[in-house]
Amino acid sequence: MRLSFSIAAEPDATALAALHTEVSQNLTDHYGRGPWTAVTREKGVLFGMRHSTVLVARRGTRIVGTLHLATKKPCAVDVSYFTPVKTALYLTHMAVTPALQRQGIGQRLLEQATKHARAFSANAIRLDAFDAEAGAGGFYAKSGYREVGHTTYRKAPLIYYELLL
């Protein structure tokens with residue numbers, strides 16, 4: 001599958017909100033309501049673009065995957081679980097359109113995130129995943145991320161992962 005990768009721009013906000021909502025609905029349909037159940041609004045996407053780098057994967061002109069890389073730690077992350085490093089980036093909001101999952105798009109997005117992090121001179125990429133059947137922990141582990149701990153945040157069980165660069 002031919003994909004192109006870029007940093008999202010303001011005109012992408014509507015498509016990104018739709019992608020996140022589609023992924024959330026798919027998880028809810030398969031696993032029931034949970035912390036993944038949400039509707040993403042364009043306003044929220046635009047806020048994310050101002051506070052992180054939003055990478056997108058496109059198939060033609062259609063956005064089929066995305067993730068955010070931020071320098072600011074998300075509220076759910078407790079840094080005491082992670083390896084001390086000078087500069088870490090936090091990976092959040094990863095999504096791949098459900099019809100195209102398990103076709104390598106997520107893996108290629110993570111590769112792009114790693115390239116971006118290295119260009120930023122980051123020493124690590126950190127993230128959390130739901131510690132539930134709907135979570136993507138196994139995907140991150142297969143992608144080279146190391147599990148570093150478990151916690152609960154707002155009643156949601158989480159697994160922390162990191163990739164040292």
# chains A, B, ... in the order shown; residues from 1 in each chain; ligands from 1
call {"tool": "select_by_dssp", "arguments": {"residues": "stretch 1-162 of chain A", "states": "strand (DSSP E or B)", "output": "ChimeraX atom specification"}}
result
/A:4-7,53-59,62-70,88-96,124-130,146-153,156-162
call {"tool": "residues_around", "arguments": {"residues": "A:Thr114", "least_positions_apart": "2", "cutoff": "12 Å", "atoms": "only C-alpha atoms", "output": "ChimeraX atom specification"}}
result
/A:55,67-69,88-91,107-112,116-126,143-145,162-165
call {"tool": "select_by_dssp", "arguments": {"residues": "chain A", "states": "alpha helix (DSSP H)", "output": "ChimeraX atom specification"}}
result
/A:13-31,42-51,105-119,137-142
call {"tool": "closest_residue", "arguments": {"among": "A:Thr83, A:Thr152, A:Thr97, A:Ser52", "to": "A:Thr21", "atoms": "only C-alpha atoms"}}
result
A:Thr97
call {"tool": "closest_atom_pairs", "arguments": {"of": "stretch 21-112 of chain A", "to": "stretch 2-6 of chain A", "cutoff": "7 Å", "atoms": "only C-alpha atoms", "output": "CSV"}}
result
residue,atom,partner,partner_atom,distance
A:Leu55,CA,A:Ser6,CA,5.8
A:Val56,CA,A:Ser6,CA,5.5
A:Ala57,CA,A:Phe5,CA,4.7
A:Arg58,CA,A:Ser4,CA,5.2
A:Arg59,CA,A:Leu3,CA,5.0
call {"tool": "write_last_selection", "arguments": {"atoms": "N, CA and C atoms", "output": "compact mmCIF listing (two decimals), in the first residue's frame"}}
result
# COMPACT_ATOMS: atom_id res chain seq x y z
N LEU A 55 1.52 13.79 13.28
CA LEU A 55 1.93 13.10 12.06
C LEU A 55 0.72 12.42 11.45
N VAL A 56 0.64 12.42 10.12
CA VAL A 56 -0.45 11.74 9.43
C VAL A 56 0.10 10.82 8.35
N ALA A 57 -0.62 9.73 8.15
CA ALA A 57 -0.36 8.82 7.04
C ALA A 57 -1.51 9.01 6.06
N ARG A 58 -1.16 9.16 4.80
CA ARG A 58 -2.17 9.35 3.76
C ARG A 58 -2.06 8.25 2.71
N ARG A 59 -3.20 7.85 2.26
CA ARG A 59 -3.31 6.97 1.10
C ARG A 59 -4.00 7.82 0.05
call {"tool": "closest_residue", "arguments": {"among": "A:Arg41, A:Pro98, A:Ala8, A:Gly137", "to": "A:Asp29", "atoms": "only C-alpha atoms"}}
result
A:Pro98
call {"tool": "residues_around", "arguments": {"residues": "A:Ala129", "least_positions_apart": "4", "cutoff": "8 Å", "atoms": "only C-alpha atoms", "output": "ChimeraX atom specification"}}
result
/A:135-137,158-161
call {"tool": "residues_around", "arguments": {"residues": "A:Trp36", "least_positions_apart": "4", "cutoff": "12 Å", "atoms": "only C-alpha atoms", "output": "mmCIF file with C-alpha atoms, in the first residue's frame"}}
result
data_model
loop_
_atom_site.group_PDB
_atom_site.id
_atom_site.type_symbol
_atom_site.label_atom_id
_atom_site.label_comp_id
_atom_site.auth_asym_id
_atom_site.auth_seq_id
_atom_site.Cartn_x
_atom_site.Cartn_y
_atom_site.Cartn_z
ATOM 1 C CA HIS A 20 -10.488 9.505 15.829
ATOM 2 C CA THR A 21 -14.263 9.291 16.247
ATOM 3 C CA GLU A 22 -14.438 6.342 13.828
ATOM 4 C CA VAL A 23 -11.708 4.471 15.730
ATOM 5 C CA SER A 24 -13.400 5.220 19.065
ATOM 6 C CA GLN A 25 -16.741 3.968 17.778
ATOM 7 C CA ASN A 26 -15.123 0.815 16.407
ATOM 8 C CA LEU A 27 -13.509 0.058 19.788
ATOM 9 C CA THR A 28 -16.805 0.726 21.562
ATOM 10 C CA ASP A 29 -18.674 -1.552 19.137
ATOM 11 C CA HIS A 30 -16.177 -4.377 19.746
ATOM 12 C CA TYR A 31 -15.357 -3.974 23.453
ATOM 13 C CA GLY A 32 -18.193 -1.930 24.921
ATOM 14 C CA THR A 40 -13.417 13.964 18.825
ATOM 15 C CA HIS A 93 -3.679 9.866 20.032
ATOM 16 C CA MET A 94 -2.507 7.134 17.680
ATOM 17 C CA ALA A 95 -5.250 5.952 15.342
ATOM 18 C CA ALA A 129 -1.847 2.137 26.413
ATOM 19 C CA PHE A 130 -5.030 0.791 27.916
ATOM 20 C CA ASP A 131 -4.373 -2.381 29.879
ATOM 21 C CA ALA A 132 -7.525 -3.974 28.485
ATOM 22 C CA GLU A 133 -8.577 -6.069 25.537
ATOM 23 C CA ALA A 134 -9.199 -2.839 23.613
ATOM 24 C CA GLY A 135 -5.650 -1.639 24.339
ATOM 25 C CA ALA A 136 -2.769 -1.664 21.901
ATOM 26 C CA ALA A 156 -8.523 3.259 33.516
ATOM 27 C CA PRO A 157 -5.791 0.611 33.816
ATOM 28 C CA LEU A 158 -2.737 1.633 31.800
#
call {"tool": "closest_residue", "arguments": {"among": "A:Gly65, A:Gly149, A:Pro35, A:Gly48", "to": "A:Ile105", "atoms": "only C-alpha atoms"}}
result
A:Gly65
call {"tool": "atom_distance", "arguments": {"atom1": "atom CA of A:Val77", "atom2": "atom CA of A:Arg102"}}
result
26.9 Å
call {"tool": "closest_residue", "arguments": {"among": "A:Gln101, A:Asp128, A:Leu16, A:Ile63", "to": "A:Val79", "atoms": "only C-alpha atoms"}}
result
A:Asp128
call {"tool": "residues_around", "arguments": {"residues": "A:His51", "least_positions_apart": "2", "cutoff": "9 Å", "atoms": "only C-alpha atoms", "output": "list of chain:residue names"}}
result
A:Leu46, A:Phe47, A:Gly48, A:Met49, A:Thr53, A:Ala70, A:Thr71, A:Lys72
call {"tool": "atom_distance", "arguments": {"atom1": "atom CA of A:Val39", "atom2": "atom CA of A:Val54"}}
result
18.2 Å
call {"tool": "decode", "arguments": {"residues": "stretch 2-40 of chain A", "atoms": "N, CA and C atoms", "output": "PDB file, in the first residue's frame"}}
result
ATOM      1  N   ARG A   2       0.665   2.124  -0.948  1.00  0.00           N
ATOM      2  CA  ARG A   2       1.450   3.359  -1.025  1.00  0.00           C
ATOM      3  C   ARG A   2       0.913   4.369  -0.031  1.00  0.00           C
ATOM      4  N   LEU A   3       1.794   4.798   0.834  1.00  0.00           N
ATOM      5  CA  LEU A   3       1.443   5.788   1.843  1.00  0.00           C
ATOM      6  C   LEU A   3       2.400   6.955   1.753  1.00  0.00           C
ATOM      7  N   SER A   4       1.920   8.117   2.129  1.00  0.00           N
ATOM      8  CA  SER A   4       2.799   9.270   2.304  1.00  0.00           C
ATOM      9  C   SER A   4       2.599   9.759   3.739  1.00  0.00           C
ATOM     10  N   PHE A   5       3.615  10.392   4.263  1.00  0.00           N
ATOM     11  CA  PHE A   5       3.594  10.861   5.642  1.00  0.00           C
ATOM     12  C   PHE A   5       3.929  12.336   5.673  1.00  0.00           C
ATOM     13  N   SER A   6       3.251  13.059   6.553  1.00  0.00           N
ATOM     14  CA  SER A   6       3.505  14.485   6.683  1.00  0.00           C
ATOM     15  C   SER A   6       3.042  14.950   8.056  1.00  0.00           C
ATOM     16  N   ILE A   7       3.338  16.200   8.334  1.00  0.00           N
ATOM     17  CA  ILE A   7       2.827  16.827   9.550  1.00  0.00           C
ATOM     18  C   ILE A   7       1.487  17.446   9.189  1.00  0.00           C
ATOM     19  N   ALA A   8       0.495  17.206  10.024  1.00  0.00           N
ATOM     20  CA  ALA A   8      -0.854  17.704   9.767  1.00  0.00           C
ATOM     21  C   ALA A   8      -0.875  19.228   9.775  1.00  0.00           C
ATOM     22  N   ALA A   9      -1.792  19.760   8.994  1.00  0.00           N
ATOM     23  CA  ALA A   9      -2.021  21.194   8.936  1.00  0.00           C
ATOM     24  C   ALA A   9      -3.486  21.465   9.275  1.00  0.00           C
ATOM     25  N   GLU A  10      -3.799  22.715   9.526  1.00  0.00           N
ATOM     26  CA  GLU A  10      -5.147  23.094   9.946  1.00  0.00           C
ATOM     27  C   GLU A  10      -6.251  22.517   9.042  1.00  0.00           C
ATOM     28  N   PRO A  11      -6.089  22.503   7.712  1.00  0.00           N
ATOM     29  CA  PRO A  11      -7.156  21.944   6.880  1.00  0.00           C
ATOM     30  C   PRO A  11      -7.416  20.442   7.108  1.00  0.00           C
ATOM     31  N   ASP A  12      -6.498  19.756   7.803  1.00  0.00           N
ATOM     32  CA  ASP A  12      -6.666  18.326   8.094  1.00  0.00           C
ATOM     33  C   ASP A  12      -7.538  18.074   9.323  1.00  0.00           C
ATOM     34  N   ALA A  13      -7.885  19.105  10.065  1.00  0.00           N
ATOM     35  CA  ALA A  13      -8.546  18.929  11.357  1.00  0.00           C
ATOM     36  C   ALA A  13      -9.874  18.178  11.247  1.00  0.00           C
ATOM     37  N   THR A  14     -10.684  18.476  10.262  1.00  0.00           N
ATOM     38  CA  THR A  14     -11.976  17.799  10.124  1.00  0.00           C
ATOM     39  C   THR A  14     -11.787  16.311   9.884  1.00  0.00           C
ATOM     40  N   ALA A  15     -10.867  15.965   8.990  1.00  0.00           N
ATOM     41  CA  ALA A  15     -10.610  14.547   8.690  1.00  0.00           C
ATOM     42  C   ALA A  15     -10.022  13.829   9.897  1.00  0.00           C
ATOM     43  N   LEU A  16      -9.163  14.489  10.647  1.00  0.00           N
ATOM     44  CA  LEU A  16      -8.575  13.868  11.838  1.00  0.00           C
ATOM     45  C   LEU A  16      -9.626  13.637  12.924  1.00  0.00           C
ATOM     46  N   ALA A  17     -10.510  14.595  13.117  1.00  0.00           N
ATOM     47  CA  ALA A  17     -11.587  14.411  14.099  1.00  0.00           C
ATOM     48  C   ALA A  17     -12.458  13.226  13.696  1.00  0.00           C
ATOM     49  N   ALA A  18     -12.778  13.125  12.418  1.00  0.00           N
ATOM     50  CA  ALA A  18     -13.597  12.004  11.936  1.00  0.00           C
ATOM     51  C   ALA A  18     -12.874  10.674  12.125  1.00  0.00           C
ATOM     52  N   LEU A  19     -11.570  10.629  11.863  1.00  0.00           N
ATOM     53  CA  LEU A  19     -10.796   9.394  12.027  1.00  0.00           C
ATOM     54  C   LEU A  19     -10.799   8.959  13.493  1.00  0.00           C
ATOM     55  N   HIS A  20     -10.513   9.858  14.403  1.00  0.00           N
ATOM     56  CA  HIS A  20     -10.488   9.505  15.829  1.00  0.00           C
ATOM     57  C   HIS A  20     -11.869   9.038  16.308  1.00  0.00           C
ATOM     58  N   THR A  21     -12.910   9.694  15.852  1.00  0.00           N
ATOM     59  CA  THR A  21     -14.263   9.291  16.247  1.00  0.00           C
ATOM     60  C   THR A  21     -14.598   7.921  15.681  1.00  0.00           C
ATOM     61  N   GLU A  22     -14.201   7.657  14.442  1.00  0.00           N
ATOM     62  CA  GLU A  22     -14.438   6.342  13.828  1.00  0.00           C
ATOM     63  C   GLU A  22     -13.721   5.235  14.604  1.00  0.00           C
ATOM     64  N   VAL A  23     -12.477   5.465  14.975  1.00  0.00           N
ATOM     65  CA  VAL A  23     -11.708   4.471  15.730  1.00  0.00           C
ATOM     66  C   VAL A  23     -12.344   4.257  17.110  1.00  0.00           C
ATOM     67  N   SER A  24     -12.746   5.333  17.761  1.00  0.00           N
ATOM     68  CA  SER A  24     -13.400   5.220  19.065  1.00  0.00           C
ATOM     69  C   SER A  24     -14.696   4.417  18.959  1.00  0.00           C
ATOM     70  N   GLN A  25     -15.485   4.695  17.952  1.00  0.00           N
ATOM     71  CA  GLN A  25     -16.741   3.968  17.778  1.00  0.00           C
ATOM     72  C   GLN A  25     -16.489   2.495  17.493  1.00  0.00           C
ATOM     73  N   ASN A  26     -15.470   2.208  16.712  1.00  0.00           N
ATOM     74  CA  ASN A  26     -15.123   0.815  16.407  1.00  0.00           C
ATOM     75  C   ASN A  26     -14.724   0.068  17.682  1.00  0.00           C
ATOM     76  N   LEU A  27     -13.899   0.684  18.522  1.00  0.00           N
ATOM     77  CA  LEU A  27     -13.509   0.058  19.788  1.00  0.00           C
ATOM     78  C   LEU A  27     -14.732  -0.151  20.689  1.00  0.00           C
ATOM     79  N   THR A  28     -15.596   0.839  20.743  1.00  0.00           N
ATOM     80  CA  THR A  28     -16.805   0.726  21.562  1.00  0.00           C
ATOM     81  C   THR A  28     -17.708  -0.383  21.041  1.00  0.00           C
ATOM     82  N   ASP A  29     -17.847  -0.490  19.731  1.00  0.00           N
ATOM     83  CA  ASP A  29     -18.674  -1.552  19.137  1.00  0.00           C
ATOM     84  C   ASP A  29     -18.128  -2.935  19.487  1.00  0.00           C
ATOM     85  N   HIS A  30     -16.800  -3.071  19.507  1.00  0.00           N
ATOM     86  CA  HIS A  30     -16.177  -4.377  19.746  1.00  0.00           C
ATOM     87  C   HIS A  30     -15.997  -4.717  21.227  1.00  0.00           C
ATOM     88  N   TYR A  31     -15.726  -3.708  22.066  1.00  0.00           N
ATOM     89  CA  TYR A  31     -15.357  -3.974  23.453  1.00  0.00           C
ATOM     90  C   TYR A  31     -16.292  -3.326  24.474  1.00  0.00           C
ATOM     91  N   GLY A  32     -17.296  -2.618  24.014  1.00  0.00           N
ATOM     92  CA  GLY A  32     -18.193  -1.930  24.921  1.00  0.00           C
ATOM     93  C   GLY A  32     -17.639  -0.564  25.310  1.00  0.00           C
ATOM     94  N   ARG A  33     -18.435   0.160  26.060  1.00  0.00           N
ATOM     95  CA  ARG A  33     -18.013   1.494  26.490  1.00  0.00           C
ATOM     96  C   ARG A  33     -16.807   1.387  27.424  1.00  0.00           C
ATOM     97  N   GLY A  34     -15.914   2.338  27.276  1.00  0.00           N
ATOM     98  CA  GLY A  34     -14.721   2.374  28.106  1.00  0.00           C
ATOM     99  C   GLY A  34     -14.062   3.724  27.963  1.00  0.00           C
ATOM    100  N   PRO A  35     -12.859   3.863  28.489  1.00  0.00           N
ATOM    101  CA  PRO A  35     -12.173   5.153  28.398  1.00  0.00           C
ATOM    102  C   PRO A  35     -11.834   5.536  26.951  1.00  0.00           C
ATOM    103  N   TRP A  36     -11.957   4.608  26.029  1.00  0.00           N
ATOM    104  CA  TRP A  36     -11.715   4.874  24.606  1.00  0.00           C
ATOM    105  C   TRP A  36     -12.952   5.453  23.932  1.00  0.00           C
ATOM    106  N   THR A  37     -14.089   5.441  24.606  1.00  0.00           N
ATOM    107  CA  THR A  37     -15.343   5.915  24.011  1.00  0.00           C
ATOM    108  C   THR A  37     -15.381   7.436  24.059  1.00  0.00           C
ATOM    109  N   ALA A  38     -15.364   8.059  22.891  1.00  0.00           N
ATOM    110  CA  ALA A  38     -15.377   9.524  22.827  1.00  0.00           C
ATOM    111  C   ALA A  38     -15.691   9.986  21.413  1.00  0.00           C
ATOM    112  N   VAL A  39     -16.171  11.184  21.318  1.00  0.00           N
ATOM    113  CA  VAL A  39     -16.330  11.855  20.031  1.00  0.00           C
ATOM    114  C   VAL A  39     -15.276  12.943  19.995  1.00  0.00           C
ATOM    115  N   THR A  40     -14.466  12.950  18.959  1.00  0.00           N
ATOM    116  CA  THR A  40     -13.417  13.964  18.825  1.00  0.00           C
ATOM    117  C   THR A  40     -13.952  15.107  17.986  1.00  0.00           C
TER     118      THR A  40
END
